[in-house]
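Asker: Contents are mmCIF, C-alpha atoms; file name target36.cif:
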```
data_data
loop_
_atom_site.label_atom_id
_atom_site.label_comp_id
_atom_site.auth_asym_id
_atom_site.auth_seq_id
_atom_site.Cartn_x
_atom_site.Cartn_y
_atom_site.Cartn_z
CA MET G 101 0.00 0.00 0.00
CA ILE G 102 2.72 2.48 0.93
CA TYR G 103 5.18 1.94 -1.89
CA ILE G 104 2.95 0.73 -4.74
CA GLY G 105 -0.49 1.94 -3.74
CA PHE G 106 0.25 5.55 -2.87
CA GLY G 107 3.09 5.81 -5.39
CA PHE G 108 1.21 4.66 -8.46
CA LEU G 109 -2.03 6.37 -7.45
CA MET G 110 -0.23 9.69 -7.98
CA THR G 111 1.09 8.83 -11.45
CA PHE G 112 -2.01 10.24 -13.15
CA LEU G 113 -0.18 13.43 -14.18
CA SER G 114 1.09 13.26 -17.75
CA ARG G 115 4.67 14.40 -17.04
CA TYR G 116 5.14 13.59 -13.36
CA GLY G 117 5.30 9.81 -13.09
CA TYR G 118 8.97 9.67 -12.03
CA THR G 119 8.38 12.01 -9.13
CA ALA G 120 5.12 10.38 -8.10
CA VAL G 121 6.67 6.94 -7.71
CA GLY G 122 10.28 7.90 -7.03
CA ILE G 123 9.85 10.64 -4.44
CA ASN G 124 7.05 8.61 -2.83
CA PHE G 125 9.61 5.80 -2.49
CA PHE G 126 12.16 8.20 -0.97
CA LEU G 127 9.79 9.93 1.47
CA ALA G 128 8.29 6.66 2.71
CA SER G 129 11.74 5.23 3.39
CA ILE G 130 12.77 8.37 5.26
CA ALA G 131 9.51 8.47 7.21
CA VAL G 132 9.79 4.87 8.43
CA GLN G 133 13.27 5.41 9.86
CA TRP G 134 12.50 8.81 11.34
CA ALA G 135 9.30 7.45 12.91
CA ILE G 136 11.34 4.89 14.87
CA LEU G 137 13.20 7.68 16.63
CA VAL G 138 10.14 9.85 17.11
CA ARG G 139 8.02 7.01 18.49
CA GLY G 140 10.89 5.99 20.72
CA PHE G 141 10.90 9.41 22.38
CA THR G 142 7.10 9.74 22.55
CA LYS G 143 5.31 6.42 22.94
CA TYR G 144 8.14 4.40 24.50
CA GLU G 145 9.88 7.20 26.40
CA VAL G 146 13.35 5.81 25.84
CA PHE G 147 14.87 8.82 27.58
CA LYS G 148 13.46 7.37 30.81
CA GLY G 149 15.16 4.05 30.24
CA ASP G 150 12.38 2.23 28.34
CA LYS G 151 13.27 -0.01 25.42
CA TYR G 152 11.95 0.43 21.90
CA ASP G 153 9.67 -2.51 21.13
CA ALA G 154 11.08 -3.59 17.76
CA VAL G 155 8.51 -6.22 16.81
CA ALA G 156 6.76 -6.94 13.53
CA LYS G 157 3.55 -5.24 14.69
CA GLU G 158 5.47 -2.03 15.23
CA LEU G 159 6.22 -1.96 11.50
CA ILE G 160 2.51 -1.34 10.92
CA SER G 161 2.76 1.82 13.01
CA LEU G 162 5.82 2.92 11.06
CA ASP G 163 4.00 2.44 7.77
CA PHE G 164 1.03 4.33 9.21
CA ALA G 165 3.39 7.21 9.98
CA ALA G 166 4.63 7.16 6.40
CA ALA G 167 1.06 7.15 5.08
CA THR G 168 0.36 10.42 6.91
CA VAL G 169 3.17 12.13 5.01
CA LEU G 170 2.21 10.62 1.66
CA ILE G 171 -1.34 11.92 1.99
CA SER G 172 0.03 15.43 2.52
CA PHE G 173 2.37 14.85 -0.42
CA GLY G 174 -0.69 14.39 -2.61
CA ALA G 175 -1.94 17.88 -1.80
CA VAL G 176 1.30 19.60 -2.91
CA LEU G 177 2.29 17.20 -5.70
CA GLY G 178 3.92 18.96 -8.63
CA LYS G 179 4.47 22.29 -6.85
CA THR G 180 7.28 21.51 -4.41
CA THR G 181 10.92 20.45 -4.55
CA PRO G 182 12.32 17.24 -3.04
CA LEU G 183 14.13 19.29 -0.37
CA GLN G 184 10.91 21.01 0.64
CA LEU G 185 9.16 17.65 0.85
CA LEU G 186 11.94 16.29 3.04
CA VAL G 187 11.47 19.20 5.44
CA MET G 188 7.71 18.58 5.47
CA THR G 189 8.28 14.89 6.23
CA LEU G 190 10.58 15.49 9.18
CA ILE G 191 8.22 18.00 10.78
CA GLU G 192 4.96 16.20 10.09
CA ILE G 193 6.09 12.88 11.55
CA VAL G 194 6.89 14.59 14.85
CA VAL G 195 3.65 16.55 15.24
CA ALA G 196 1.48 13.67 14.01
CA GLN G 197 2.96 11.29 16.56
CA ILE G 198 2.57 13.84 19.36
CA ASN G 199 -1.05 14.41 18.35
CA GLN G 200 -1.76 10.68 18.40
CA LEU G 201 -0.05 10.33 21.78
CA ILE G 202 -2.26 13.03 23.32
CA CYS G 203 -5.46 11.66 21.82
CA THR G 204 -4.83 8.07 22.89
CA ARG G 205 -3.29 8.72 26.30
CA PHE G 206 -5.57 11.49 27.57
CA PHE G 207 -8.76 11.00 25.54
CA SER G 208 -8.49 7.23 25.09
CA ALA G 209 -9.94 7.82 21.62
CA SER G 210 -10.30 4.61 19.64
CA ASP G 211 -9.25 4.81 15.96
CA ILE G 212 -8.18 1.35 14.85
CA GLY G 213 -7.74 2.29 11.18
CA GLU G 214 -6.44 5.74 12.19
CA SER G 215 -8.85 7.72 10.04
CA MET G 216 -8.37 10.64 12.41
CA TYR G 217 -4.68 10.26 13.15
CA ILE G 218 -3.59 9.49 9.58
CA HIS G 219 -6.19 10.51 7.01
CA ALA G 220 -7.66 13.61 8.65
CA PHE G 221 -4.28 14.78 9.95
CA GLY G 222 -2.44 14.14 6.69
CA ALA G 223 -5.14 15.72 4.54
CA TYR G 224 -5.58 18.96 6.49
CA PHE G 225 -1.87 19.31 7.23
CA GLY G 226 -1.22 19.03 3.50
CA LEU G 227 -4.01 21.45 2.61
CA ALA G 228 -2.64 24.00 5.08
CA VAL G 229 0.81 23.67 3.52
CA SER G 230 -0.71 24.01 0.05
CA ARG G 231 -2.52 27.19 1.08
CA VAL G 232 0.69 28.82 2.31
CA LEU G 233 2.61 27.72 -0.80
CA TYR G 234 -0.16 28.77 -3.18
CA ASP G 235 1.25 30.11 -6.44
CA LYS G 236 -1.14 31.87 -8.80
CA ARG G 237 0.92 30.54 -11.72
CA VAL G 238 -0.62 27.11 -11.10
CA LYS G 239 -3.66 28.33 -13.04
CA ASP G 240 -1.45 28.55 -16.13
CA ALA G 241 0.15 25.12 -15.66
CA THR G 242 -0.68 23.01 -18.70
CA LYS G 243 0.67 19.70 -17.36
CA ALA G 244 -1.63 19.33 -14.35
CA LYS G 245 -3.74 16.80 -16.20
CA PRO G 246 -3.63 13.11 -17.08
CA VAL G 247 -3.27 11.30 -20.38
CA TYR G 248 -4.65 7.92 -21.36
CA HIS G 249 -1.65 5.81 -20.33
CA SER G 250 -0.95 7.73 -17.09
CA ASP G 251 -4.47 6.94 -15.86
CA HIS G 252 -3.71 3.25 -16.44
CA PHE G 253 -0.71 3.45 -14.12
CA SER G 254 -2.74 5.33 -11.54
CA MET G 255 -5.33 2.55 -11.49
CA ILE G 256 -2.58 0.13 -10.43
CA GLY G 257 -2.26 2.15 -7.24
CA THR G 258 -6.03 2.18 -6.79
CA ILE G 259 -6.35 -1.58 -7.07
CA PHE G 260 -3.48 -2.22 -4.66
CA LEU G 261 -4.93 0.16 -2.08
CA TRP G 262 -8.44 -1.27 -2.51
CA LEU G 263 -7.30 -4.88 -2.11
CA TYR G 264 -5.15 -4.29 0.95
CA TRP G 265 -7.27 -1.71 2.76
CA PRO G 266 -8.94 -4.33 5.01
CA SER G 267 -5.49 -5.23 6.34
CA PHE G 268 -4.74 -1.52 6.82
CA ASN G 269 -7.79 -1.11 9.06
CA GLY G 270 -7.52 -4.49 10.76
CA GLY G 271 -3.79 -5.13 10.95
CA ALA G 272 -3.42 -3.65 14.44
CA ALA G 273 -6.52 -5.41 15.81
CA SER G 274 -6.82 -8.96 17.10
CA ASP G 275 -9.36 -11.74 17.58
CA ASP G 276 -13.00 -10.71 17.01
CA GLU G 277 -12.10 -7.07 16.48
CA GLN G 278 -9.83 -8.00 13.60
CA GLN G 279 -12.53 -10.11 11.96
CA ARG G 280 -14.97 -7.20 12.23
CA ALA G 281 -12.39 -4.83 10.77
CA TYR G 282 -11.79 -7.02 7.73
CA ILE G 283 -15.49 -7.59 7.06
CA ASN G 284 -16.62 -4.01 7.66
CA THR G 285 -13.86 -2.55 5.49
CA TYR G 286 -14.43 -4.96 2.61
CA LEU G 287 -18.17 -4.36 2.53
CA SER G 288 -17.73 -0.61 2.81
CA LEU G 289 -15.28 -0.59 -0.10
CA ALA G 290 -17.61 -2.69 -2.25
CA ALA G 291 -20.60 -0.42 -1.60
CA CYS G 292 -18.45 2.66 -2.15
CA THR G 293 -17.28 1.36 -5.52
CA VAL G 294 -20.81 0.72 -6.81
CA VAL G 295 -22.10 4.14 -5.70
CA THR G 296 -19.02 5.86 -7.17
CA PHE G 297 -19.69 4.38 -10.60
CA ALA G 298 -23.35 5.35 -10.35
CA LEU G 299 -22.58 8.95 -9.38
CA CYS G 300 -20.01 9.24 -12.17
CA ALA G 301 -22.74 8.52 -14.70
CA ILE G 302 -25.20 10.84 -12.95
CA TYR G 303 -22.82 13.82 -12.78
CA ASP G 304 -21.69 13.47 -16.40
CA GLU G 305 -24.08 15.00 -18.91
CA ASN G 306 -23.43 12.12 -21.30
CA GLY G 307 -23.68 9.44 -18.62
CA LYS G 308 -20.00 8.49 -18.93
CA PHE G 309 -17.53 7.44 -16.24
CA LYS G 310 -14.62 9.68 -15.23
CA MET G 311 -11.37 7.98 -14.32
CA GLU G 312 -10.43 10.61 -11.71
CA TYR G 313 -13.45 9.65 -9.63
CA ILE G 314 -12.92 5.91 -10.09
CA GLN G 315 -9.26 6.12 -9.11
CA ASN G 316 -9.95 7.94 -5.86
CA SER G 317 -13.54 7.87 -4.65
CA THR G 318 -13.75 4.07 -4.75
CA LEU G 319 -11.25 4.10 -1.87
CA ALA G 320 -13.21 6.50 0.33
CA GLY G 321 -15.14 3.61 1.86
CA GLY G 322 -11.96 2.31 3.47
CA VAL G 323 -11.31 5.69 5.09
CA ALA G 324 -14.92 6.09 6.22
CA VAL G 325 -14.92 2.94 8.38
CA GLY G 326 -11.38 3.35 9.70
CA THR G 327 -12.46 4.51 13.15
CA THR G 328 -15.38 2.07 13.50
CA ALA G 329 -13.91 -0.93 11.67
CA ASN G 330 -13.40 -3.00 14.84
CA MET G 331 -16.77 -2.05 16.31
CA PRO G 332 -19.99 -4.05 15.82
CA LEU G 333 -21.05 -1.89 12.91
CA HIS G 334 -22.93 -4.79 11.29
CA PRO G 335 -22.89 -5.44 7.52
CA PHE G 336 -25.71 -3.01 6.76
CA GLY G 337 -23.88 -0.29 8.68
CA ALA G 338 -20.70 -0.89 6.69
CA LEU G 339 -22.64 -0.72 3.43
CA ILE G 340 -24.26 2.56 4.47
CA MET G 341 -20.91 4.07 5.48
CA GLY G 342 -19.34 3.11 2.15
CA SER G 343 -22.26 4.54 0.19
CA VAL G 344 -22.23 7.85 2.08
CA ALA G 345 -18.45 8.09 1.67
CA ALA G 346 -18.83 7.70 -2.10
CA ILE G 347 -21.42 10.46 -2.25
CA ILE G 348 -19.22 12.81 -0.23
CA SER G 349 -16.07 12.01 -2.19
CA VAL G 350 -17.45 12.15 -5.73
CA THR G 351 -19.36 15.34 -4.96
CA GLY G 352 -16.15 16.81 -3.59
CA TYR G 353 -14.25 16.02 -6.78
CA ARG G 354 -17.11 17.35 -8.90
CA PHE G 355 -17.63 20.64 -7.09
CA GLY G 356 -15.38 20.98 -4.03
CA SER G 357 -11.90 21.00 -5.59
CA ALA G 358 -12.71 23.95 -7.85
CA PHE G 359 -14.18 25.85 -4.89
CA LEU G 360 -11.03 25.32 -2.82
CA ALA G 361 -8.80 26.52 -5.65
CA ASP G 362 -10.89 29.51 -6.78
CA LYS G 363 -12.27 30.80 -3.49
CA LEU G 364 -9.81 29.66 -0.81
CA ARG G 365 -6.64 29.55 -2.96
CA ILE G 366 -5.93 25.96 -1.96
CA HIS G 367 -4.73 23.90 -4.91
CA ASP G 368 -5.24 20.23 -4.03
CA THR G 369 -3.42 18.27 -6.74
CA CYS G 370 -4.67 14.79 -5.86
CA GLY G 371 -7.90 15.80 -4.17
CA VAL G 372 -6.85 14.56 -0.74
CA HIS G 373 -9.69 16.58 0.81
CA ASN G 374 -12.17 14.43 -1.10
CA LEU G 375 -10.49 11.04 -0.65
CA HIS G 376 -9.00 11.39 2.84
CA GLY G 377 -10.26 14.55 4.52
CA MET G 378 -14.05 14.47 4.34
CA PRO G 379 -14.38 10.65 4.61
CA ALA G 380 -12.14 10.82 7.70
CA LEU G 381 -14.48 13.38 9.26
CA LEU G 382 -17.35 10.99 8.56
CA ALA G 383 -15.38 8.17 10.20
CA ALA G 384 -14.61 10.21 13.31
CA ILE G 385 -18.21 11.34 13.75
CA ALA G 386 -19.46 7.77 13.29
CA GLY G 387 -16.97 6.59 15.90
CA ALA G 388 -18.21 9.15 18.40
CA VAL G 389 -21.85 8.22 17.75
CA LEU G 390 -21.20 4.50 18.16
CA ALA G 391 -19.20 5.12 21.34
CA ALA G 392 -22.06 7.17 22.80
CA MET G 393 -24.68 4.61 21.79
CA GLY G 394 -22.72 1.51 22.80
CA SER G 395 -22.61 -0.33 26.09
CA THR G 396 -21.58 -3.66 27.56
CA GLU G 397 -25.21 -4.76 27.32
CA LYS G 398 -25.12 -4.29 23.55
CA TRP G 399 -21.47 -5.08 22.76
CA GLY G 400 -20.48 -7.34 25.62
CA GLN G 401 -16.92 -7.02 26.90
CA SER G 402 -15.83 -5.68 23.51
CA TYR G 403 -17.02 -2.26 24.64
CA HIS G 404 -14.48 -2.11 27.47
CA GLN G 405 -11.79 -3.62 25.25
CA ILE G 406 -12.28 -0.96 22.59
CA PHE G 407 -12.78 1.87 25.10
CA PRO G 408 -10.67 0.87 28.16
CA HIS G 409 -11.50 4.01 30.18
CA THR G 410 -15.19 3.05 30.28
CA ALA G 411 -14.35 0.03 32.44
CA PRO G 412 -15.05 0.38 36.17
CA ILE G 413 -12.26 1.78 38.31
CA SER G 414 -12.07 -1.56 40.11
CA GLU G 415 -11.16 -3.18 36.77
CA GLY G 416 -8.47 -0.66 35.90
CA GLY G 417 -10.65 1.79 33.96
CA LYS G 418 -11.82 5.29 34.81
CA GLY G 419 -15.52 4.63 34.92
CA TRP G 420 -16.36 6.90 31.99
CA THR G 421 -19.94 6.78 30.72
CA ASN G 422 -20.67 6.08 27.08
CA ILE G 423 -21.61 9.75 26.57
CA GLN G 424 -18.26 10.83 28.00
CA GLN G 425 -16.43 8.46 25.68
CA GLY G 426 -18.35 9.84 22.69
CA GLY G 427 -17.39 13.35 23.77
CA TYR G 428 -13.73 12.43 24.04
CA GLN G 429 -13.86 10.91 20.55
CA MET G 430 -15.06 14.26 19.20
CA ALA G 431 -12.43 16.08 21.27
CA ALA G 432 -9.75 13.94 19.63
CA LEU G 433 -11.07 14.93 16.20
CA ALA G 434 -11.09 18.63 17.10
CA LEU G 435 -7.55 18.48 18.48
CA THR G 436 -6.31 16.57 15.44
CA LEU G 437 -7.74 19.16 13.04
CA GLY G 438 -6.40 22.04 15.10
CA ILE G 439 -2.86 20.68 15.36
CA ALA G 440 -2.79 19.60 11.70
CA ILE G 441 -3.89 22.96 10.33
CA PHE G 442 -1.78 25.07 12.69
CA THR G 443 1.43 23.10 12.23
CA GLY G 444 0.75 22.77 8.50
CA ILE G 445 0.67 26.56 8.18
CA ILE G 446 3.94 26.91 10.10
CA THR G 447 5.55 24.16 8.01
CA GLY G 448 4.43 25.87 4.82
CA PHE G 449 6.17 29.10 5.83
CA MET G 450 9.30 27.15 6.72
CA MET G 451 9.27 25.48 3.30
CA LYS G 452 9.19 28.94 1.71
CA LEU G 453 12.46 29.97 3.34
CA PRO G 454 15.20 30.59 0.73
CA ILE G 455 17.37 27.81 2.17
CA PHE G 456 14.68 25.25 1.32
CA ASP G 457 13.00 26.95 -1.65
CA GLN G 458 15.84 26.96 -4.16
CA ASP G 459 13.75 28.43 -6.97
CA GLN G 460 13.96 25.30 -9.11
CA ILE G 461 10.35 25.75 -10.19
CA LYS G 462 10.75 28.98 -12.14
CA ASP G 463 7.45 29.21 -13.99
CA ALA G 464 4.20 27.40 -14.74
CA ASP G 465 5.96 25.25 -17.33
CA ASP G 466 8.16 23.76 -14.59
CA MET G 467 5.19 22.69 -12.47
CA PHE G 468 4.18 19.04 -12.74
CA GLU G 469 7.27 18.42 -14.87
CA ASP G 470 9.70 15.56 -14.16
CA SER G 471 12.59 17.02 -16.15
CA VAL G 472 13.12 19.70 -13.49
CA PHE G 473 14.38 17.05 -11.04
CA TRP G 474 15.07 13.94 -13.13
CA VAL G 475 17.31 13.02 -16.05
CA LEU G 476 14.92 11.86 -18.74
CA HIS G 477 15.86 9.63 -21.68
CA GLU G 478 15.03 12.27 -24.28
CA GLU G 479 17.15 14.79 -22.33
CA GLU G 480 20.33 12.72 -22.50
CA HIS G 481 20.66 13.26 -26.26
CA LEU G 482 19.85 16.97 -26.43
CA PRO G 483 22.68 19.24 -27.65
CA MET G 484 24.21 21.45 -24.97
CA LYS G 485 23.85 25.20 -25.44
CA HIS G 486 26.53 27.65 -24.39
CA GLY G 487 25.49 30.33 -21.94
CA GLY G 488 22.53 28.37 -20.60
CA GLU G 489 19.10 27.89 -22.10
CA GLN G 490 15.60 28.94 -21.28
CA ASN G 491 13.21 26.42 -19.74
CA GLY G 492 10.70 27.02 -22.48
CA ASP G 493 13.26 26.20 -25.23
CA LYS G 494 14.37 23.07 -23.38
CA HIS G 495 10.83 21.76 -23.02
CA LYS G 496 10.06 22.52 -26.67
CA GLU G 497 13.12 20.55 -27.77
CA MET G 498 12.21 17.69 -25.46
CA GLU G 499 8.67 17.57 -26.80
CA LEU G 500 9.97 17.62 -30.37
CA ARG G 501 12.38 14.77 -29.59
CA GLN G 502 9.52 12.82 -28.01
CA ARG G 503 7.67 13.05 -31.32
CA THR G 504 10.75 12.17 -33.36
CA THR G 505 12.24 8.66 -33.40
CA VAL G 506 15.18 7.36 -35.39
CA GLY G 507 14.97 3.77 -36.54
CA GLU G 508 16.78 1.49 -38.95
CA HIS G 509 14.70 2.74 -41.86
CA GLY G 510 15.03 6.46 -41.27
CA ILE G 511 13.40 9.20 -39.27
CA HIS G 512 9.74 8.97 -38.32
CA LEU G 513 7.68 11.90 -37.07
#
```
Could you rewrite the structure in this file as structure tokens?
Answerer:
Amino acid sequence: MIYIGFGFLMTFLSRYGYTAVGINFFLASIAVQWAILVRGFTKYEVFKGDKYDAVAKELISLDFAAATVLISFGAVLGKTTPLQLLVMTLIEIVVAQINQLICTRFFSASDIGESMYIHAFGAYFGLAVSRVLYDKRVKDATKAKPVYHSDHFSMIGTIFLWLYWPSFNGGAASDDEQQRAYINTYLSLAACTVVTFALCAIYDENGKFKMEYIQNSTLAGGVAVGTTANMPLHPFGALIMGSVAAIISVTGYRFGSAFLADKLRIHDTCGVHNLHGMPALLAAIAGAVLAAMGSTEKWGQSYHQIFPHTAPISEGGKGWTNIQQGGYQMAALALTLGIAIFTGIITGFMMKLPIFDQDQIKDADDMFEDSVFWVLHEEEHLPMKHGGEQNGDKHKEMELRQRTTVGEHGIHL
């Protein structure tokens, strides 16, 4: 999911496939290693003499940490440099882990699939960064669109994410909770996919499907049940959650993205607000409602296992009522949004500092363009010009060379 799913999902841009997969690969590898240190000083408190618990299950948490960064990456894709993204990664891992520590330790907020701690945090952190880095030249960028073959590659990421999302939501659970997580997530994804296809046809005046919606909105069902996946949601509840997530996500892509860009000056390249942000809000609200409505009479001992602080004081809990637990779930959501947006704004200003913003993206033609950071095959054979060359001339020559091939039987245009 981390290296293929997220990486290939972002290859939809016509001239940005190298960066989508390559920098995704780089950032995820950095995030996993950095998260070990950060989690060691937060969750495990190694400075007090505790030992870091290096077990296989901990790798899931490290991948979760990487996913948070990659979601934010989707919001600023094509408009940032690798150095800026590295800075964003190092900062975001720290604040995201601190946020999760506060929400779990003080609010005892349950979020088995981490829709709040990963999807909501990553989405709104990335949107805040995108707002600060907003460049009006993005309106003139001609490469911020897919082509036929790039959408094929993007669907590889979609399918990988779709297939493995049940393990994403249920990997950290055990016993009955894990079974619920797998079943609820699978059913939610299936319902979400059907409704997404239906809405595609409804929103299109010719009744056709749009690949942008299929690539992204079909995954919203996995986000929407992330918080409640291990709860007794029941099959019909999972189907409803997936259907509502599809409606929210497709409608967001159809109308919301343009509103963010035109009115709020937030350019969301991959539409993370529609795939991760709004479905995560739905997940968090659903988790709070189920917590408030649940009880040991309805859920059995699962209720205390999922919400430990609701157990009696004599059993090691704090004796919270179900209404209190529901309130703390909402408090965790509010804190997550507040920290994500505030730290995202600060991070955006840091990324704009001259030491990190090296002015490699000089104009709209450099946005969403791999050749700014990568050596491309057509570039290796271009003649060198003395005294430098303009970006526009370079791209024109590259495009001409793309259309020109030399074979055994001559030159073909």
Asker: List the neighbours of Tyr248 in chain G out to 10 Å using all atoms listed in the file; skip same-chain residues closer than 5 positions along the sequence, and give me the result as a list of chain:residue names.
Answerer: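 In the requested format, the answer is G:Phe112, G:Ser114, G:Phe253, G:Met311.
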Asker: Output C-alpha atoms for every residue in that selection, as a PDB file, in the frame of the given file.
Answerer:
```pdb
ATOM      1  CA  PHE G 112      -2.010  10.240 -13.150  1.00  0.00           C
ATOM      2  CA  SER G 114       1.090  13.260 -17.750  1.00  0.00           C
ATOM      3  CA  PHE G 253      -0.710   3.450 -14.120  1.00  0.00           C
ATOM      4  CA  MET G 311     -11.370   7.980 -14.320  1.00  0.00           C
TER       5      MET G 311
END
```
Asker: Applied to this file, what does the PyMOL selection byres ((chain G and resi 393) around 12) return in terms of residues, put as an mmCIF file with C-alpha atoms, in the frame of the given file?
Answerer:
```
data_model
loop_
_atom_site.group_PDB
_atom_site.id
_atom_site.type_symbol
_atom_site.label_atom_id
_atom_site.label_comp_id
_atom_site.auth_asym_id
_atom_site.auth_seq_id
_atom_site.Cartn_x
_atom_site.Cartn_y
_atom_site.Cartn_z
ATOM 1 C CA MET G 331 -16.770 -2.050 16.310
ATOM 2 C CA PRO G 332 -19.990 -4.050 15.820
ATOM 3 C CA LEU G 333 -21.050 -1.890 12.910
ATOM 4 C CA ALA G 386 -19.460 7.770 13.290
ATOM 5 C CA GLY G 387 -16.970 6.590 15.900
ATOM 6 C CA ALA G 388 -18.210 9.150 18.400
ATOM 7 C CA VAL G 389 -21.850 8.220 17.750
ATOM 8 C CA LEU G 390 -21.200 4.500 18.160
ATOM 9 C CA ALA G 391 -19.200 5.120 21.340
ATOM 10 C CA ALA G 392 -22.060 7.170 22.800
ATOM 11 C CA GLY G 394 -22.720 1.510 22.800
ATOM 12 C CA SER G 395 -22.610 -0.330 26.090
ATOM 13 C CA THR G 396 -21.580 -3.660 27.560
ATOM 14 C CA GLU G 397 -25.210 -4.760 27.320
ATOM 15 C CA LYS G 398 -25.120 -4.290 23.550
ATOM 16 C CA TRP G 399 -21.470 -5.080 22.760
ATOM 17 C CA TYR G 403 -17.020 -2.260 24.640
ATOM 18 C CA THR G 421 -19.940 6.780 30.720
ATOM 19 C CA ASN G 422 -20.670 6.080 27.080
ATOM 20 C CA ILE G 423 -21.610 9.750 26.570
ATOM 21 C CA GLN G 424 -18.260 10.830 28.000
ATOM 22 C CA GLN G 425 -16.430 8.460 25.680
ATOM 23 C CA GLY G 426 -18.350 9.840 22.690
ATOM 24 C CA GLY G 427 -17.390 13.350 23.770
#
```
Asker: Would you kindly translate the PyMOL selection byres ((chain G and resi 368) around 12) into the concrete residues it picks from this file, as an mmCIF file with C-alpha atoms, keeping the file's coordinate frame?
Answerer:
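Contents of result13.cif, freshly written:
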```cif
data_model
loop_
_atom_site.group_PDB
_atom_site.id
_atom_site.type_symbol
_atom_site.label_atom_id
_atom_site.label_comp_id
_atom_site.auth_asym_id
_atom_site.auth_seq_id
_atom_site.Cartn_x
_atom_site.Cartn_y
_atom_site.Cartn_z
ATOM 1 C CA ILE G 171 -1.340 11.920 1.990
ATOM 2 C CA SER G 172 0.030 15.430 2.520
ATOM 3 C CA PHE G 173 2.370 14.850 -0.420
ATOM 4 C CA GLY G 174 -0.690 14.390 -2.610
ATOM 5 C CA ALA G 175 -1.940 17.880 -1.800
ATOM 6 C CA VAL G 176 1.300 19.600 -2.910
ATOM 7 C CA LEU G 177 2.290 17.200 -5.700
ATOM 8 C CA GLY G 178 3.920 18.960 -8.630
ATOM 9 C CA LYS G 179 4.470 22.290 -6.850
ATOM 10 C CA ALA G 223 -5.140 15.720 4.540
ATOM 11 C CA TYR G 224 -5.580 18.960 6.490
ATOM 12 C CA PHE G 225 -1.870 19.310 7.230
ATOM 13 C CA GLY G 226 -1.220 19.030 3.500
ATOM 14 C CA LEU G 227 -4.010 21.450 2.610
ATOM 15 C CA ALA G 228 -2.640 24.000 5.080
ATOM 16 C CA VAL G 229 0.810 23.670 3.520
ATOM 17 C CA SER G 230 -0.710 24.010 0.050
ATOM 18 C CA ARG G 231 -2.520 27.190 1.080
ATOM 19 C CA LEU G 233 2.610 27.720 -0.800
ATOM 20 C CA TYR G 234 -0.160 28.770 -3.180
ATOM 21 C CA VAL G 238 -0.620 27.110 -11.100
ATOM 22 C CA ALA G 244 -1.630 19.330 -14.350
ATOM 23 C CA GLY G 352 -16.150 16.810 -3.590
ATOM 24 C CA TYR G 353 -14.250 16.020 -6.780
ATOM 25 C CA GLY G 356 -15.380 20.980 -4.030
ATOM 26 C CA SER G 357 -11.900 21.000 -5.590
ATOM 27 C CA ALA G 358 -12.710 23.950 -7.850
ATOM 28 C CA PHE G 359 -14.180 25.850 -4.890
ATOM 29 C CA LEU G 360 -11.030 25.320 -2.820
ATOM 30 C CA ALA G 361 -8.800 26.520 -5.650
ATOM 31 C CA ASP G 362 -10.890 29.510 -6.780
ATOM 32 C CA LEU G 364 -9.810 29.660 -0.810
ATOM 33 C CA ARG G 365 -6.640 29.550 -2.960
ATOM 34 C CA ILE G 366 -5.930 25.960 -1.960
ATOM 35 C CA HIS G 367 -4.730 23.900 -4.910
ATOM 36 C CA THR G 369 -3.420 18.270 -6.740
ATOM 37 C CA CYS G 370 -4.670 14.790 -5.860
ATOM 38 C CA GLY G 371 -7.900 15.800 -4.170
ATOM 39 C CA VAL G 372 -6.850 14.560 -0.740
ATOM 40 C CA HIS G 373 -9.690 16.580 0.810
ATOM 41 C CA ASN G 374 -12.170 14.430 -1.100
ATOM 42 C CA LEU G 375 -10.490 11.040 -0.650
ATOM 43 C CA HIS G 376 -9.000 11.390 2.840
ATOM 44 C CA GLY G 377 -10.260 14.550 4.520
#
```
Asker: If the PyMOL selection byres ((chain G and resi 298) around 12) is run on the structure shown, which residues does it catch, given as a PyMOL selection string?
Answerer: chain G and resi 291-297+299-304+307-310+313-314+317-318+343+346-347+350
Asker: Go through G:Gly400, G:Pro454, G:Gly105, G:Gly321 one by one, measure the shortest atom-to-atom distance of each to Leu339 in chain G using all atoms listed in the file, and give the residue with the smallest value.
Answerer: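 Checking each candidate against Leu339 in chain G, we get G:Gly321 as the closest.
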Asker: My list of candidates is G:Gln133, G:Ser161, G:Ser210, G:Thr180. Which is closest to Lys452 in chain G when distances are computed with only C-alpha atoms?
Answerer: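 Of all the options, G:Thr180 lies closest to Lys452 in chain G.
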Asker: Using the file's own x, y and z axes, so that the box edges lie along x, y and z, what centre and edge lengths in Å (one decimal) does a box around every listed atom of range 467-476 of chain G get when 4 Å is added on each side? Give it as JSON.
Answerer:
```
{"center_x": 10.7, "center_y": 17.3, "center_z": -14.9, "size_x": 21.1, "size_y": 18.8, "size_z": 15.7}
```
Asker: Select, counting only C-alpha atoms, all protein, DNA and RNA residues no farther than 9 Å from (-11.7, 5.8, 35.1) in file coordinates, and express the selection as an NGL selection string.
Answerer: :G and (408-414 or 416-420)
Asker: Measuring between only C-alpha atoms, which one of G:Thr142, G:Gln460, G:Ser129, G:Gln200 shows the shortest distance to Ala166 in chain G?
Answerer: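 Smallest separation from Ala166 in chain G among the options: G:Ser129.
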Asker: Measure the distance from CA of Val138 in chain G to CA of Gly271 in chain G in Å and round it to one decimal.
Answerer: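 Calculated distance between CA of Val138 in chain G and CA of Gly271 in chain G is 21.4 Å.
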Asker: Between G:Met110, G:Ser208, G:Ala165, G:Tyr116, which is the closest to Ala128 in chain G once you count all atoms listed in the file?
Answerer: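 Smallest separation from Ala128 in chain G among the options: G:Ala165.
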